[in-house]
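One file, data_6.cif, is given below (mmCIF, C-alpha atoms (C1' of nucleotides)).
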```cif
data_structure
#
loop_
_atom_site.label_atom_id
_atom_site.label_comp_id
_atom_site.auth_asym_id
_atom_site.auth_seq_id
_atom_site.Cartn_x
_atom_site.Cartn_y
_atom_site.Cartn_z
CA MET A 4 86.27 69.34 89.40
CA ASP A 5 88.22 66.15 89.09
CA ARG A 6 91.59 64.72 89.98
CA LEU A 7 93.41 66.76 87.36
CA ASP A 8 91.90 70.05 88.56
CA LYS A 9 93.05 69.15 92.03
CA LYS A 10 96.59 68.58 90.80
CA ILE A 11 96.51 71.89 88.97
CA LEU A 12 95.29 73.71 92.06
CA ARG A 13 97.96 72.09 94.19
CA LEU A 14 100.67 73.31 91.84
CA MET A 15 99.24 76.81 91.54
CA GLN A 16 98.87 77.19 95.29
CA GLU A 17 102.60 76.53 95.55
CA ASP A 18 103.80 78.59 92.63
CA ALA A 19 101.66 80.82 90.47
CA THR A 20 104.58 81.67 88.18
CA LEU A 21 104.58 78.21 86.61
CA ALA A 22 103.95 78.35 82.87
CA VAL A 23 100.78 76.65 81.69
CA ALA A 24 102.94 74.30 79.62
CA ASP A 25 104.83 73.25 82.76
CA ILE A 26 101.67 72.63 84.73
CA ALA A 27 100.29 70.72 81.76
CA LYS A 28 103.35 68.49 81.65
CA LYS A 29 103.20 67.78 85.37
CA VAL A 30 99.55 66.79 85.33
CA GLY A 31 99.86 64.84 82.08
CA LEU A 32 97.95 67.10 79.72
CA SER A 33 98.85 69.33 76.81
CA THR A 34 98.76 73.05 77.21
CA THR A 35 95.35 73.95 75.78
CA PRO A 36 93.14 71.64 77.87
CA CYS A 37 95.19 72.57 80.90
CA TRP A 38 94.77 76.25 80.11
CA ARG A 39 91.03 75.76 79.67
CA ARG A 40 90.76 74.06 83.05
CA ILE A 41 92.57 76.96 84.70
CA GLN A 42 90.19 79.42 83.00
CA LYS A 43 87.23 77.45 84.27
CA LEU A 44 88.60 77.31 87.80
CA GLU A 45 88.92 81.10 87.70
CA GLU A 46 85.41 81.63 86.31
CA GLU A 47 83.94 79.35 88.94
CA GLY A 48 85.76 81.32 91.60
CA VAL A 49 87.81 78.40 92.85
CA ILE A 50 90.93 80.41 92.07
CA GLN A 51 90.19 83.80 93.60
CA ARG A 52 93.35 85.65 92.71
CA ARG A 53 97.12 85.48 92.18
CA VAL A 54 99.12 87.48 94.63
CA ALA A 55 102.71 88.19 95.56
CA VAL A 56 103.59 87.00 99.06
CA LEU A 57 106.06 89.32 100.76
CA ASN A 58 108.58 88.64 103.49
CA PRO A 59 107.20 90.23 106.68
CA GLU A 60 110.72 90.94 107.98
CA LYS A 61 111.60 92.90 104.86
CA VAL A 62 108.56 95.13 105.05
CA ASN A 63 108.98 95.63 108.77
CA THR A 64 105.97 93.71 110.06
CA ARG A 65 107.71 91.05 112.11
CA VAL A 66 105.34 91.05 115.06
CA ASN A 67 102.01 89.21 115.12
CA VAL A 68 99.47 90.18 117.73
CA PHE A 69 96.22 88.37 118.41
CA ILE A 70 93.44 90.45 119.89
CA SER A 71 90.56 88.70 121.65
CA ILE A 72 87.39 90.68 122.21
CA ARG A 73 84.32 89.93 124.29
CA THR A 74 81.28 91.97 123.30
CA SER A 75 78.49 90.61 125.51
CA ALA A 76 77.21 93.98 126.71
CA HIS A 77 77.24 95.79 123.36
CA SER A 78 74.37 96.79 121.08
CA LEU A 79 73.71 95.57 117.55
CA GLU A 80 74.53 99.04 116.26
CA TRP A 81 77.90 98.84 117.96
CA LEU A 82 78.63 95.40 116.52
CA LYS A 83 78.04 96.61 112.98
CA ARG A 84 80.28 99.63 113.40
CA PHE A 85 82.92 97.60 115.20
CA SER A 86 83.12 95.17 112.30
CA GLU A 87 83.49 97.98 109.76
CA VAL A 88 86.05 99.94 111.71
CA VAL A 89 88.33 96.99 112.46
CA GLN A 90 88.36 95.75 108.88
CA GLU A 91 89.60 99.04 107.52
CA PHE A 92 92.95 98.95 109.27
CA PRO A 93 95.65 97.57 106.98
CA GLU A 94 97.40 96.15 110.05
CA VAL A 95 94.43 93.82 110.52
CA VAL A 96 95.17 90.84 108.30
CA GLU A 97 92.62 88.43 109.77
CA PHE A 98 89.37 88.96 111.59
CA TYR A 99 86.98 86.27 112.82
CA ARG A 100 83.68 86.12 114.61
CA MET A 101 84.02 83.29 117.07
CA SER A 102 81.78 80.96 118.99
CA GLY A 103 82.28 80.45 122.68
CA ASP A 104 84.17 82.46 125.24
CA VAL A 105 85.79 85.03 122.95
CA ASP A 106 83.49 86.79 120.46
CA TYR A 107 86.03 88.19 118.00
CA LEU A 108 89.59 87.29 117.16
CA ILE A 109 91.88 89.60 115.22
CA ARG A 110 95.37 89.09 113.87
CA VAL A 111 97.37 92.26 113.52
CA VAL A 112 100.86 92.70 112.06
CA VAL A 113 103.17 95.50 113.20
CA PRO A 114 106.92 96.20 113.45
CA ASP A 115 107.18 96.08 117.24
CA ILE A 116 105.34 96.51 120.52
CA ALA A 117 105.51 100.28 120.36
CA ALA A 118 103.79 100.22 116.97
CA TYR A 119 101.19 97.90 118.40
CA ASP A 120 100.52 100.37 121.15
CA ALA A 121 100.07 103.11 118.56
CA PHE A 122 97.74 100.88 116.56
CA TYR A 123 95.72 100.08 119.66
CA LYS A 124 95.30 103.77 120.42
CA LYS A 125 94.17 104.42 116.83
CA LEU A 126 91.65 101.61 117.19
CA ILE A 127 90.08 102.67 120.47
CA ALA A 128 90.01 106.25 119.27
CA LYS A 129 87.64 105.11 116.52
CA ILE A 130 85.42 102.86 118.59
CA GLU A 131 84.82 102.12 122.23
CA ILE A 132 85.76 98.55 123.13
CA ARG A 133 85.22 97.08 126.58
CA ASP A 134 86.75 93.68 127.00
CA VAL A 135 89.96 93.32 125.02
CA SER A 136 93.05 91.21 125.53
CA SER A 137 96.19 91.07 123.39
CA ALA A 138 98.55 88.16 122.96
CA PHE A 139 101.90 88.52 121.24
CA ALA A 140 103.46 85.88 119.03
CA MET A 141 107.13 85.24 119.74
CA GLU A 142 107.59 83.20 116.57
CA GLN A 143 105.66 82.36 113.44
CA ILE A 144 106.39 78.66 113.12
CA LYS A 145 104.17 78.10 110.12
CA TYR A 146 102.27 80.37 107.77
CA THR A 147 100.89 79.15 104.51
CA THR A 148 98.28 80.34 102.04
CA GLN A 149 97.87 76.76 100.81
CA LEU A 150 94.57 75.21 101.75
CA PRO A 151 94.47 71.43 102.15
CA LEU A 152 92.90 69.89 99.05
CA ASP A 153 92.21 66.52 100.64
CA TYR A 154 88.64 67.51 101.44
CA MET A 155 87.73 68.61 97.91
CA VAL A 156 84.59 67.05 96.52
CA LEU A 157 85.49 65.47 93.19
CA GLU A 158 83.01 64.66 90.44
CA LYS A 159 82.84 61.19 89.02
CA ASP A 160 84.64 60.68 85.70
CA GLY A 161 82.49 60.85 82.57
CA ASN A 162 80.25 63.51 84.13
CA ALA A 163 82.45 66.53 84.35
CA SER A 164 80.24 69.41 83.21
CA ALA A 165 77.25 69.57 85.56
CA ALA A 166 76.25 73.06 86.66
CA GLY A 167 77.11 74.25 90.18
CA MET B 13 113.93 100.27 98.56
CA ASP B 14 112.26 103.55 97.77
CA ARG B 15 108.84 104.97 97.14
CA LEU B 16 108.53 103.31 93.73
CA ASP B 17 109.40 99.87 95.06
CA LYS B 18 106.71 100.35 97.65
CA LYS B 19 104.17 101.18 94.96
CA ILE B 20 105.22 98.14 92.98
CA LEU B 21 104.87 95.89 96.01
CA ARG B 22 101.45 97.32 96.80
CA LEU B 23 100.25 96.48 93.31
CA MET B 24 101.75 93.02 93.27
CA GLN B 25 100.30 92.15 96.66
CA GLU B 26 96.89 92.90 95.20
CA ASP B 27 97.29 91.27 91.83
CA ALA B 28 100.26 89.26 90.68
CA THR B 29 98.82 88.80 87.19
CA LEU B 30 99.47 92.43 86.25
CA ALA B 31 101.79 92.75 83.27
CA VAL B 32 105.09 94.47 83.96
CA ALA B 33 104.12 97.13 81.45
CA ASP B 34 100.93 97.86 83.39
CA ILE B 35 102.74 98.11 86.71
CA ALA B 36 105.29 100.35 85.04
CA LYS B 37 102.58 102.67 83.79
CA LYS B 38 100.90 102.88 87.18
CA VAL B 39 104.09 103.75 89.02
CA GLY B 40 105.28 106.11 86.30
CA LEU B 41 108.16 104.09 84.90
CA SER B 42 108.80 102.30 81.63
CA THR B 43 108.91 98.53 81.51
CA THR B 44 112.64 97.88 81.70
CA PRO B 45 113.46 99.73 84.96
CA CYS B 46 110.24 98.44 86.48
CA TRP B 47 111.17 94.90 85.48
CA ARG B 48 114.63 95.32 87.00
CA ARG B 49 113.15 96.55 90.27
CA ILE B 50 110.88 93.53 90.45
CA GLN B 51 113.86 91.23 89.78
CA LYS B 52 115.79 92.91 92.57
CA LEU B 53 112.89 92.64 95.00
CA GLU B 54 112.78 88.92 94.26
CA GLU B 55 116.54 88.48 94.66
CA GLU B 56 116.50 90.34 97.96
CA GLY B 57 113.70 88.09 99.15
CA VAL B 58 111.22 90.90 99.64
CA ILE B 59 108.91 89.10 97.22
CA GLN B 60 108.93 85.53 98.49
CA ARG B 61 106.63 83.90 95.98
CA ARG B 62 103.58 84.27 93.75
CA VAL B 63 100.71 82.04 94.66
CA ALA B 64 97.14 81.33 93.68
CA VAL B 65 94.67 82.09 96.47
CA LEU B 66 91.76 79.66 96.47
CA ASN B 67 88.23 80.07 97.72
CA PRO B 68 87.96 78.04 100.95
CA GLU B 69 84.27 77.29 100.31
CA LYS B 70 85.06 75.76 96.93
CA VAL B 71 87.70 73.43 98.25
CA ASN B 72 85.55 72.47 101.21
CA THR B 73 87.51 74.11 104.01
CA ARG B 74 84.92 76.54 105.30
CA VAL B 75 85.60 76.11 108.99
CA ASN B 76 88.42 77.82 110.87
CA VAL B 77 89.43 76.46 114.23
CA PHE B 78 91.90 78.06 116.61
CA ILE B 79 93.69 75.73 118.96
CA SER B 80 95.31 77.14 122.09
CA ILE B 81 97.89 75.01 123.84
CA ARG B 82 99.56 75.39 127.22
CA THR B 83 102.74 73.37 127.56
CA SER B 84 104.09 74.34 130.97
CA ALA B 85 104.76 70.82 132.20
CA HIS B 86 106.41 69.45 129.06
CA SER B 87 110.05 68.67 128.32
CA LEU B 88 112.28 70.31 125.71
CA GLU B 89 112.26 67.05 123.76
CA TRP B 90 108.50 67.14 123.65
CA LEU B 91 108.43 70.77 122.50
CA LYS B 92 110.69 69.99 119.55
CA ARG B 93 108.64 67.01 118.46
CA PHE B 94 105.40 68.88 119.02
CA SER B 95 106.51 71.66 116.71
CA GLU B 96 107.51 69.22 113.97
CA VAL B 97 104.38 67.10 114.20
CA VAL B 98 101.94 70.00 114.13
CA GLN B 99 103.58 71.70 111.15
CA GLU B 100 103.26 68.64 108.97
CA PHE B 101 99.48 68.61 108.90
CA PRO B 102 98.16 70.35 105.79
CA GLU B 103 95.11 71.44 107.79
CA VAL B 104 97.42 73.60 109.93
CA VAL B 105 97.74 76.84 108.01
CA GLU B 106 99.19 78.97 110.80
CA PHE B 107 101.19 78.11 113.90
CA TYR B 108 102.60 80.56 116.44
CA ARG B 109 104.65 80.38 119.60
CA MET B 110 103.06 82.87 121.94
CA SER B 111 104.03 84.85 124.96
CA GLY B 112 101.79 84.93 127.99
CA ASP B 113 98.98 82.67 129.05
CA VAL B 114 98.75 80.46 125.96
CA ASP B 115 102.01 78.95 124.68
CA TYR B 116 101.01 77.97 121.16
CA LEU B 117 98.26 79.08 118.85
CA ILE B 118 97.27 77.10 115.76
CA ARG B 119 94.83 77.90 112.98
CA VAL B 120 93.35 74.86 111.32
CA VAL B 121 91.00 74.72 108.32
CA VAL B 122 88.53 71.86 107.85
CA PRO B 123 85.13 71.27 106.20
CA ASP B 124 83.09 70.91 109.38
CA ILE B 125 83.16 70.03 113.03
CA ALA B 126 83.20 66.30 112.35
CA ALA B 127 86.32 66.74 110.24
CA TYR B 128 87.86 68.78 113.02
CA ASP B 129 87.20 65.96 115.42
CA ALA B 130 88.92 63.56 113.04
CA PHE B 131 91.86 65.94 112.69
CA TYR B 132 92.12 66.27 116.44
CA LYS B 133 92.23 62.51 116.84
CA LYS B 134 94.97 62.28 114.20
CA LEU B 135 96.93 64.95 116.06
CA ILE B 136 96.75 63.44 119.53
CA ALA B 137 97.50 60.02 118.06
CA LYS B 138 100.86 61.44 116.96
CA ILE B 139 101.74 63.32 120.10
CA GLU B 140 100.48 63.57 123.65
CA ILE B 141 99.11 67.03 124.42
CA ARG B 142 97.89 68.04 127.87
CA ASP B 143 96.23 71.41 127.95
CA VAL B 144 94.36 72.13 124.73
CA SER B 145 91.35 74.24 123.95
CA SER B 146 89.62 74.75 120.60
CA ALA B 147 87.66 77.78 119.47
CA PHE B 148 85.55 77.74 116.31
CA ALA B 149 85.15 80.68 114.00
CA MET B 150 81.57 81.36 112.91
CA GLU B 151 82.62 83.78 110.20
CA GLN B 152 85.79 84.95 108.52
CA ILE B 153 85.19 88.69 108.36
CA LYS B 154 88.56 89.56 106.88
CA TYR B 155 91.42 87.54 105.47
CA THR B 156 94.16 89.10 103.44
CA THR B 157 97.68 88.15 102.41
CA GLN B 158 98.52 91.84 102.00
CA LEU B 159 100.92 93.15 104.59
CA PRO B 160 100.69 96.85 105.46
CA LEU B 161 103.50 98.72 103.71
CA ASP B 162 103.25 101.83 105.84
CA TYR B 163 106.03 100.63 108.12
CA MET B 164 108.55 99.95 105.34
CA VAL B 165 111.93 101.57 105.84
CA LEU B 166 112.70 103.60 102.72
CA GLU B 167 116.17 104.63 101.63
CA LYS B 168 116.90 108.24 100.84
CA ASP B 169 116.93 109.16 97.14
CA GLY B 170 120.32 109.28 95.46
CA ASN B 171 121.54 106.28 97.48
CA ALA B 172 119.61 103.41 96.03
CA SER B 173 122.12 100.53 95.93
CA ALA B 174 123.55 100.07 99.41
CA ALA B 175 124.03 96.45 100.46
CA GLY B 176 121.60 94.89 102.93
"C1'" DG C 7 119.35 104.68 85.65
"C1'" DC C 8 116.24 105.70 81.82
"C1'" DT C 9 114.13 104.96 76.91
"C1'" DG C 10 113.16 102.33 72.72
"C1'" DA C 11 113.31 98.47 70.14
"C1'" DA C 12 114.40 93.76 69.05
"C1'" DA C 13 114.20 88.62 70.26
"C1'" DC C 14 112.18 85.16 72.34
"C1'" DG C 15 108.80 82.42 74.67
"C1'" DC C 16 104.23 81.87 76.30
"C1'" DG C 17 99.20 82.59 76.50
"C1'" DC C 18 95.35 82.16 73.95
"C1'" DG C 19 92.38 80.95 70.23
"C1'" DA C 20 90.91 78.33 65.84
"C1'" DC C 21 90.49 73.99 64.19
"C1'" DT C 22 90.81 68.76 64.45
"C1'" DT C 23 89.87 64.00 66.55
"C1'" DA D 1 86.59 66.07 76.36
"C1'" DA D 2 91.94 66.48 74.56
"C1'" DG D 3 95.57 67.52 70.85
"C1'" DT D 4 98.19 70.32 67.14
"C1'" DC D 5 99.33 74.55 65.12
"C1'" DG D 6 100.09 79.47 64.84
"C1'" DC D 7 99.34 84.36 65.80
"C1'" DG D 8 100.00 88.12 68.91
"C1'" DC D 9 101.19 89.77 73.30
"C1'" DG D 10 104.26 90.12 77.22
"C1'" DT D 11 108.61 89.28 79.11
"C1'" DT D 12 113.29 89.76 78.80
"C1'" DT D 13 117.43 91.48 76.76
"C1'" DC D 14 120.35 94.76 74.35
"C1'" DA D 15 121.95 99.33 72.29
"C1'" DG D 16 122.13 104.09 73.05
"C1'" DC D 17 121.22 108.46 76.00
#
```
Translate the structure of the given file into structure tokens.
Amino acid sequence: MDRLDKKILRLMQEDATLAVADIAKKVGLSTTPCWRRIQKLEEEGVIQRRVAVLNPEKVNTRVNVFISIRTSAHSLEWLKRFSEVVQEFPEVVEFYRMSGDVDYLIRVVVPDIAAYDAFYKKLIAKIEIRDVSSAFAMEQIKYTTQLPLDYMVLEKDGNASAAG
Amino acid sequence: MDRLDKKILRLMQEDATLAVADIAKKVGLSTTPCWRRIQKLEEEGVIQRRVAVLNPEKVNTRVNVFISIRTSAHSLEWLKRFSEVVQEFPEVVEFYRMSGDVDYLIRVVVPDIAAYDAFYKKLIAKIEIRDVSSAFAMEQIKYTTQLPLDYMVLEKDGNASAAG
DNA sequence: GCTGAAACGCGCGACTT
DNA sequence: AAGTCGCGCGTTTCAGC
């Protein structure tokens, strides 16, 4: 990956509808080499997928809730099942195992507080959870799928095809 | 929006590279009406954009950090500036104003703890922040851009073109 | 609002430097 | 590696039901 790949990724993170010819123009390439780079980035798994991003308001999932869970007293068996159960809910859009005070952090999207309550009941019906606390977001100030590319490790020029 | 729009959205949230003809087939429509529905969903802002989703590992942003901020003692002026400053950092991928104990919650992506430290220094160089605490994710168990569509409000059939 | 087909542009590959 | 050319597919539009 070099400077041009980085430019390509930056553009595609913003807008995946851009025609290859347009991307090519913007990065200073002609279409074929640009197309080949994009293919390679897909094969290598740098580009994972192209998705449509929907407006949460329009699909009635305005409300973001963060659930913090402490699991200190639970068994390994429980932890495994917990992880599986939580993941399966479509309302769960993010799920992290944390270091420190809180053990797990979950982001859930729902229409309103009542729906959250219903979700919470569905969840605890499937698995016993001891130490939970929920925090509601009043406003989503920023949400982006764009990862910063400033940390990318670039290969030196003239040596672009080493195996990963 | 009806049942077919919902199906279309479900498919496009998963894979925005699907050809219109393929989507049409899967929802039981032919290409033209399916294409028109997609156009309409874009015009209405239900579909906000199509983006490429990158592999965080491959672009060297493995580490997720959640920053909790309490702002009780700050002025309105400060709050405004705070919001602007934080948003501008490309490492900040999510940013919420919360209710309850914590006032703001930020998700940041960086390569490692050292990079987080550098980010943190950049941040506090730009704005004074009093009550901050950082929590590191050990593992991203789930991350999806797909919103649940189960809460969508569908219009009755035979009344498909009412204004929003 | 649907189907079918035509027109156009773009993705993709073969070949060249 | 990158560029030019061209075929075929997919998107988009249009005529008719």
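As for CA of Phe78 in chain B and CA of Leu117 in chain B, they are spaced 6.8 Å apart.
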- Query: Separation of CA of Leu166 in chain B and CA of Lys61 in chain A, in Å?
  - Reply: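 Going from CA of Leu166 in chain B over to CA of Lys61 in chain A covers 11.0 Å.
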- Message: Tell me as a PyMOL selection string which residues belonging to chain B come within 9 Å of chain D, counting only C-alpha atoms (C1' of nucleotides).
- Response: chain B and resi 31-33+44+47
- Task: Identify every residue of chain C that has at least one atom within 10 Å of any atom of chain B, counting only C-alpha atoms (C1' of nucleotides), and report the result as an NGL selection string.
- Result: :C and (7-10)
- Contacts of Lys145 in chain A at 6 Å or less, counting all atoms listed in the file, minus same-chain residues fewer than 2 places along, as an MDAnalysis selection string? (chainID A and resid 143) or (chainID B and resid 106:107)
- Message: As a check of understanding, name the residues that the PyMOL selection byres ((chain B) within 6 of (chain A)) selects in the supplied structure, as a ChimeraX atom specification.
- Response: /B:24-28,58-67,70-72,102-103,105-111,148-156,160,163-164
Take the residues from that selection and write them out as an mmCIF file, in the frame of the given file, keeping C-alpha atoms.
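The result, written out as selection_13.cif:
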```
data_model
loop_
_atom_site.group_PDB
_atom_site.id
_atom_site.type_symbol
_atom_site.label_atom_id
_atom_site.label_comp_id
_atom_site.auth_asym_id
_atom_site.auth_seq_id
_atom_site.Cartn_x
_atom_site.Cartn_y
_atom_site.Cartn_z
ATOM 1 C CA MET B 24 101.750 93.020 93.270
ATOM 2 C CA GLN B 25 100.300 92.150 96.660
ATOM 3 C CA GLU B 26 96.890 92.900 95.200
ATOM 4 C CA ASP B 27 97.290 91.270 91.830
ATOM 5 C CA ALA B 28 100.260 89.260 90.680
ATOM 6 C CA VAL B 58 111.220 90.900 99.640
ATOM 7 C CA ILE B 59 108.910 89.100 97.220
ATOM 8 C CA GLN B 60 108.930 85.530 98.490
ATOM 9 C CA ARG B 61 106.630 83.900 95.980
ATOM 10 C CA ARG B 62 103.580 84.270 93.750
ATOM 11 C CA VAL B 63 100.710 82.040 94.660
ATOM 12 C CA ALA B 64 97.140 81.330 93.680
ATOM 13 C CA VAL B 65 94.670 82.090 96.470
ATOM 14 C CA LEU B 66 91.760 79.660 96.470
ATOM 15 C CA ASN B 67 88.230 80.070 97.720
ATOM 16 C CA LYS B 70 85.060 75.760 96.930
ATOM 17 C CA VAL B 71 87.700 73.430 98.250
ATOM 18 C CA ASN B 72 85.550 72.470 101.210
ATOM 19 C CA PRO B 102 98.160 70.350 105.790
ATOM 20 C CA GLU B 103 95.110 71.440 107.790
ATOM 21 C CA VAL B 105 97.740 76.840 108.010
ATOM 22 C CA GLU B 106 99.190 78.970 110.800
ATOM 23 C CA PHE B 107 101.190 78.110 113.900
ATOM 24 C CA TYR B 108 102.600 80.560 116.440
ATOM 25 C CA ARG B 109 104.650 80.380 119.600
ATOM 26 C CA MET B 110 103.060 82.870 121.940
ATOM 27 C CA SER B 111 104.030 84.850 124.960
ATOM 28 C CA PHE B 148 85.550 77.740 116.310
ATOM 29 C CA ALA B 149 85.150 80.680 114.000
ATOM 30 C CA MET B 150 81.570 81.360 112.910
ATOM 31 C CA GLU B 151 82.620 83.780 110.200
ATOM 32 C CA GLN B 152 85.790 84.950 108.520
ATOM 33 C CA ILE B 153 85.190 88.690 108.360
ATOM 34 C CA LYS B 154 88.560 89.560 106.880
ATOM 35 C CA TYR B 155 91.420 87.540 105.470
ATOM 36 C CA THR B 156 94.160 89.100 103.440
ATOM 37 C CA PRO B 160 100.690 96.850 105.460
ATOM 38 C CA TYR B 163 106.030 100.630 108.120
ATOM 39 C CA MET B 164 108.550 99.950 105.340
#
```
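What separates CA of Asp14 in chain B from CA of Ile50 in chain B is a distance of 12.5 Å.
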- Task: Give me the result of the PyMOL selection byres ((chain A and resi 130) around 12) on this file, residue by residue, as JSON, numbers by chain.
- Result: {"A": [77, 80, 81, 82, 83, 84, 85, 86, 87, 88, 89, 123, 124, 125, 126, 127, 128, 129, 131, 132, 133]}
Keeping C-alpha atoms for every residue in the selection just given, could you write it to a file as a CSV table (one decimal), in the frame of the given file?
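Done, and the output landed in again.csv:
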```csv
chain,number,residue,atom,x,y,z
A,77,HIS,CA,77.2,95.8,123.4
A,80,GLU,CA,74.5,99.0,116.3
A,81,TRP,CA,77.9,98.8,118.0
A,82,LEU,CA,78.6,95.4,116.5
A,83,LYS,CA,78.0,96.6,113.0
A,84,ARG,CA,80.3,99.6,113.4
A,85,PHE,CA,82.9,97.6,115.2
A,86,SER,CA,83.1,95.2,112.3
A,87,GLU,CA,83.5,98.0,109.8
A,88,VAL,CA,86.0,99.9,111.7
A,89,VAL,CA,88.3,97.0,112.5
A,123,TYR,CA,95.7,100.1,119.7
A,124,LYS,CA,95.3,103.8,120.4
A,125,LYS,CA,94.2,104.4,116.8
A,126,LEU,CA,91.6,101.6,117.2
A,127,ILE,CA,90.1,102.7,120.5
A,128,ALA,CA,90.0,106.2,119.3
A,129,LYS,CA,87.6,105.1,116.5
A,131,GLU,CA,84.8,102.1,122.2
A,132,ILE,CA,85.8,98.6,123.1
A,133,ARG,CA,85.2,97.1,126.6
```
Just need range 141-153 of chain A in a file, please: N, CA, C and O atoms, as a short mmCIF file (atom, residue, chain, number, x, y, z; two decimals), in the first residue's frame.
```
data_model
loop_
_atom_site.label_atom_id
_atom_site.label_comp_id
_atom_site.auth_asym_id
_atom_site.auth_seq_id
_atom_site.Cartn_x
_atom_site.Cartn_y
_atom_site.Cartn_z
N MET A 141 -28.44 11.70 24.43
CA MET A 141 -29.41 12.74 24.11
C MET A 141 -29.24 13.19 22.66
O MET A 141 -30.15 13.69 22.03
N GLU A 142 -28.02 13.03 22.15
CA GLU A 142 -27.68 13.59 20.84
C GLU A 142 -26.48 12.85 20.28
O GLU A 142 -25.52 12.58 21.01
N GLN A 143 -26.56 12.51 19.01
CA GLN A 143 -25.40 11.93 18.32
C GLN A 143 -24.70 13.07 17.60
O GLN A 143 -25.15 13.52 16.55
N ILE A 144 -23.63 13.54 18.19
CA ILE A 144 -22.95 14.72 17.63
C ILE A 144 -22.11 14.34 16.43
O ILE A 144 -22.02 15.08 15.45
N LYS A 145 -21.50 13.19 16.49
CA LYS A 145 -20.73 12.70 15.34
C LYS A 145 -20.88 11.20 15.22
O LYS A 145 -20.85 10.49 16.22
N TYR A 146 -21.05 10.74 14.01
CA TYR A 146 -20.98 9.30 13.74
C TYR A 146 -20.42 9.14 12.34
O TYR A 146 -20.99 9.64 11.38
N THR A 147 -19.30 8.49 12.25
CA THR A 147 -18.73 8.26 10.93
C THR A 147 -18.20 6.84 10.82
O THR A 147 -17.76 6.25 11.81
N THR A 148 -18.28 6.29 9.62
CA THR A 148 -17.69 4.98 9.35
C THR A 148 -16.25 5.14 8.83
O THR A 148 -15.58 4.15 8.59
N GLN A 149 -15.82 6.38 8.66
CA GLN A 149 -14.50 6.64 8.10
C GLN A 149 -13.41 6.51 9.15
O GLN A 149 -13.37 7.28 10.10
N LEU A 150 -12.53 5.56 8.94
CA LEU A 150 -11.39 5.43 9.84
C LEU A 150 -10.31 6.43 9.44
O LEU A 150 -10.18 6.75 8.25
N PRO A 151 -9.57 6.94 10.42
CA PRO A 151 -8.46 7.84 10.06
C PRO A 151 -7.39 7.05 9.31
O PRO A 151 -7.09 5.92 9.70
N LEU A 152 -6.87 7.63 8.24
CA LEU A 152 -5.87 6.90 7.45
C LEU A 152 -4.46 7.40 7.73
O LEU A 152 -3.50 6.97 7.09
N ASP A 153 -4.35 8.30 8.69
CA ASP A 153 -3.06 8.91 8.99
C ASP A 153 -2.07 7.93 9.60
O ASP A 153 -0.87 8.17 9.60
#
```
